[in-house]
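These notes concern the structure reproduced below.
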Amino acid sequence: MKTIFNLALIVSTVGLLLNCAQYNPHLTSTPGGSVWKFLPDYIPAPREFADNPVTPEKVELGRRLFYEKKLSGNGQMACAGCHIQKKAFADGLTVPAGTTGQLHPRNSMSLVNLAFVPVLTWGNPLMRRLHTQALVPIFGENPVELGLTGNENQFLEQMRSDADYLRLYKIAFPDHTDKVTMETTVLALEAFQRSLFSFNSAADKFEHGNTSALSESAKRGLNLFFSEKMECFHCHGGINFTSSIDTALHAEPEIDFSNNGLYNVDGNGAYPTGNTGIHEVTGRAADMGKFKAPTLRNIEVSAPYMHDGSIATLEAVVEHYARGGTLTPSGPKAGDGATNPFKSSFVAGFSATTQEKEDLVNYLKSLTDCDFLTNKNFSNPFPEGHANNNNSSLNQLEITHPCYENP
Ligand code: HEC
Ligand code: HEC
């Protein structure tokens, strides 16, 4: 996957606005004039990128492109094939397959508050911008995801000859001489993804004064989450429940990777080949098994968990941390992650009662934001039955959650 980094020289982004008054009553605009609507007033504005200011026009184009299957080699798959809104833009699979059927070594990530996420994917310190990251699924060959390589001119011709798309590219990129290019395509995808805000969960409502937003169990879970006994907050704290964070107020983005004791295949701390975390990029022995601690917002709906989708439920995640790492009894990944020498000291294990574990899970579930999961500004813009909105496998997904019961 790293082989295509050199493809990734494009310009890029920030700012934003859409019109959805019911989404969030707290609107805020930064002194610079760019408007980050939908952000509660207690959330700082995201960092602005002068090379790709977020505008509603780019967001709208980017949203179409995110759901556009023509962006793939065989015309069958879009970004949304692996990033499904109802699953917080994850996909519910252990690992996904791309257009050629090749499996990805990693679990599809949720896409939540990406305007505040300074480092992208599970474990790549160099992957810093969304427009660059988008090139990986579009052109990557190991694994093939959308598999557009060789067909990019055909894709751009299709965009140019479609009156709607042509209009959208023109108004989104008035200052670009060439309106319809791969560069403007990924800049628009960046803008759309930077508009995916989620700050309206029960935990947020509780935090900001609604004392009845959380059950008694979830309130106990909150205290456990932020306790020195369970230590979760060290790596999953802050406004986005992750230690990798950036805002307009940060002098520098905060970027953090850690080994949480998932594997230990050789007794000396090794992770399974092909999934060794930032070690793959840095080559440093001490970076073995270090991954980004992802956001825990909407974690309830983005199962299965971890970089390889190896943990099925939140209950099992809590057991992993209580034990201080995962024991894999047999098979090629056998070993005891709890004794991994590269493991963070914050994953030391803890003893907790069944009730406490349940409380912690209930708190994690209170990070689900129904507004985010059902926000029409993020959903498929194509009419039902349209080639870009007829994926039977998506329709078959069984998703039962109170968020979807009263649309
Ligand atoms: C075949 C499935 C698949 C497709 C198609 C796909 N993705 Fe992903 N996406 C993934 C996987 C798997 C990861 C984790 C990759 C890794 O860690 O190396 C990921 C990670 C991401 C991330 C990082 C999120 C974070 O929090 O760090 C972003 C952003 C993203 N994808 C955007 C896109 C966009 C935009 C497209 C379309 C251009 C797209 N994806 C197409 C599977 C897919
Ligand atoms: C030392 C930092 C650290 C601590 C402490 C920590 N985590 Fe994590 N967490 C991580 C990392 C890193 C990952 C990704 C690991 C991987 O995929 O190999 C992760 C993954 C997760 C995931 C899966 C996320 C996803 O999208 O698949 C959940 C859920 C989670 N942690 C919950 C917790 C809870 C609950 C606690 C406290 C009991 C906790 N974490 C403590 C670093 C930490």
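Labels for the structure tokens follow display order: chains A, B, ..., residues from 1 in each chain, ligands from 1.
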
Ala191 in chain A: which residues within 6 Å, counting only C-alpha atoms, same-chain residues fewer than 5 positions away excluded, as a PyMOL selection string? chain A and resi 54+58-59

Got time to write the residues from that selection, all heavy atoms, as a PDB file, in the first residue's frame?
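Result file out.pdb:
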ATOM      1  N   VAL A  54     -12.942  24.092   2.767  1.00  0.00           N
ATOM      2  CA  VAL A  54     -14.170  23.327   2.603  1.00  0.00           C
ATOM      3  C   VAL A  54     -15.316  24.277   2.281  1.00  0.00           C
ATOM      4  O   VAL A  54     -15.559  25.238   3.011  1.00  0.00           O
ATOM      5  CB  VAL A  54     -14.487  22.525   3.874  1.00  0.00           C
ATOM      6  CG1 VAL A  54     -15.833  21.835   3.745  1.00  0.00           C
ATOM      7  CG2 VAL A  54     -13.389  21.494   4.126  1.00  0.00           C
ATOM      8  N   LYS A  58     -18.038  21.928  -2.640  1.00  0.00           N
ATOM      9  CA  LYS A  58     -17.117  20.782  -2.655  1.00  0.00           C
ATOM     10  C   LYS A  58     -17.701  19.615  -1.871  1.00  0.00           C
ATOM     11  O   LYS A  58     -17.546  18.459  -2.248  1.00  0.00           O
ATOM     12  CB  LYS A  58     -15.775  21.179  -2.030  1.00  0.00           C
ATOM     13  CG  LYS A  58     -14.861  21.923  -2.958  1.00  0.00           C
ATOM     14  CD  LYS A  58     -13.533  22.181  -2.264  1.00  0.00           C
ATOM     15  CE  LYS A  58     -12.911  23.445  -2.803  1.00  0.00           C
ATOM     16  NZ  LYS A  58     -11.793  23.920  -1.976  1.00  0.00           N
ATOM     17  N   VAL A  59     -18.338  19.947  -0.755  1.00  0.00           N
ATOM     18  CA  VAL A  59     -18.927  18.889   0.067  1.00  0.00           C
ATOM     19  C   VAL A  59     -19.978  18.129  -0.736  1.00  0.00           C
ATOM     20  O   VAL A  59     -20.008  16.896  -0.742  1.00  0.00           O
ATOM     21  CB  VAL A  59     -19.541  19.476   1.360  1.00  0.00           C
ATOM     22  CG1 VAL A  59     -20.375  18.426   2.092  1.00  0.00           C
ATOM     23  CG2 VAL A  59     -18.439  20.007   2.277  1.00  0.00           C
TER      24      VAL A  59
END

Return as a ChimeraX atom specification every polymer residue, whether protein, DNA or RNA, with at least one atom no more than 8 Å from an atom of ligand 2; count only C-alpha atoms and all ligand atoms. /A:107,109-110,122,225,230-236,257-262,277,289-296,299,302-309,311,314,317-318,321-322,343-347,360-361,364

If you count only C-alpha atoms, which residues fall within 9 Å of Phe155 in chain A, apart from same-chain ones fewer than 3 positions away, as a list in words? Lys70, Leu71, Ser72, Gly73, Leu148, Asn151, Glu152, Gln158, Met159 and Arg160 of chain A

Strand (DSSP E or B) per DSSP on the backbone: members of range 181-265 of chain A, as a PyMOL selection string: chain A and resi 245+254+257-258

Can I get the selection written as a CSV table (one decimal), in the first residue's frame, with N, CA and C atoms?
chain,number,residue,atom,x,y,z
A,245,ILE,N,-5.3,13.8,17.7
A,245,ILE,CA,-6.3,14.8,17.5
A,245,ILE,C,-5.7,16.1,17.0
A,254,GLU,N,-1.7,16.4,17.5
A,254,GLU,CA,-1.2,15.3,18.5
A,254,GLU,C,-1.4,14.0,17.8
A,257,PHE,N,0.5,6.5,18.7
A,257,PHE,CA,0.2,5.1,18.3
A,257,PHE,C,0.6,4.2,19.5
A,258,SER,N,-0.1,3.1,19.7
A,258,SER,CA,0.3,2.2,20.8
A,258,SER,C,0.0,0.8,20.5

If you count only C-alpha atoms, which residues fall within 9 Å of range 127-129 of chain A, apart from same-chain ones fewer than 2 positions away, as a PDB file with C-alpha atoms, in the first residue's frame?
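File written: out_9.pdb
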ATOM      1  CA  PHE A   5       2.602   7.240  -1.617  1.00  0.00           C
ATOM      2  CA  SER A  12      -5.670  20.383  -0.349  1.00  0.00           C
ATOM      3  CA  THR A  13      -8.259  21.808   2.453  1.00  0.00           C
ATOM      4  CA  VAL A 117      -8.214  13.329  12.766  1.00  0.00           C
ATOM      5  CA  PRO A 118      -4.584  14.242  11.988  1.00  0.00           C
ATOM      6  CA  VAL A 119      -3.345  10.810  10.959  1.00  0.00           C
ATOM      7  CA  LEU A 120      -5.280   8.373   8.833  1.00  0.00           C
ATOM      8  CA  THR A 121      -5.702   4.613   8.670  1.00  0.00           C
ATOM      9  CA  GLY A 123      -1.092   2.551  11.430  1.00  0.00           C
ATOM     10  CA  ASN A 124       0.623   4.948   9.071  1.00  0.00           C
ATOM     11  CA  PRO A 125       2.323   8.025  10.546  1.00  0.00           C
ATOM     12  CA  HIS A 131      -7.119  13.779  -0.310  1.00  0.00           C
ATOM     13  CA  THR A 132      -3.928  11.743  -0.223  1.00  0.00           C
ATOM     14  CA  GLN A 133      -5.544   8.858   1.595  1.00  0.00           C
ATOM     15  CA  ALA A 134      -8.340   8.656  -1.012  1.00  0.00           C
ATOM     16  CA  GLU A 190     -11.647  15.362   1.367  1.00  0.00           C
TER      17      GLU A 190
END

When you count only C-alpha atoms, which of these residues is closest to Asn153 in chain A: A:Ile43, A:Val180, A:Leu373, A:Ala348?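 Answer, going by the shortest atom-to-atom distance: A:Val180.
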
Ranking A:Thr177, A:Asp256, A:Ala202, A:Ala218 by minimum distance to Ile278 in chain A and counting only C-alpha atoms, which one comes first? A:Asp256

In terms of the shortest atom-to-atom distance over only C-alpha atoms, which of A:His386, A:Lys333, A:His401, A:Lys376 is closest to Asp266 in chain A?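 Among A:His386, A:Lys333, A:His401, A:Lys376, it is A:Lys333 that comes nearest to Asp266 in chain A.
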
Which value, in Å to one decimal, gives the distance between CA of Asn298 in chain A and CA of Ala88 in chain A? 6.2 Å

Which residues are near Leu196 in chain A? Cut-off 6 Å, only C-alpha atoms, ignore same chain within fewer than 3 positions. Put them as JSON, numbers by chain. {"A": [112, 113, 193]}
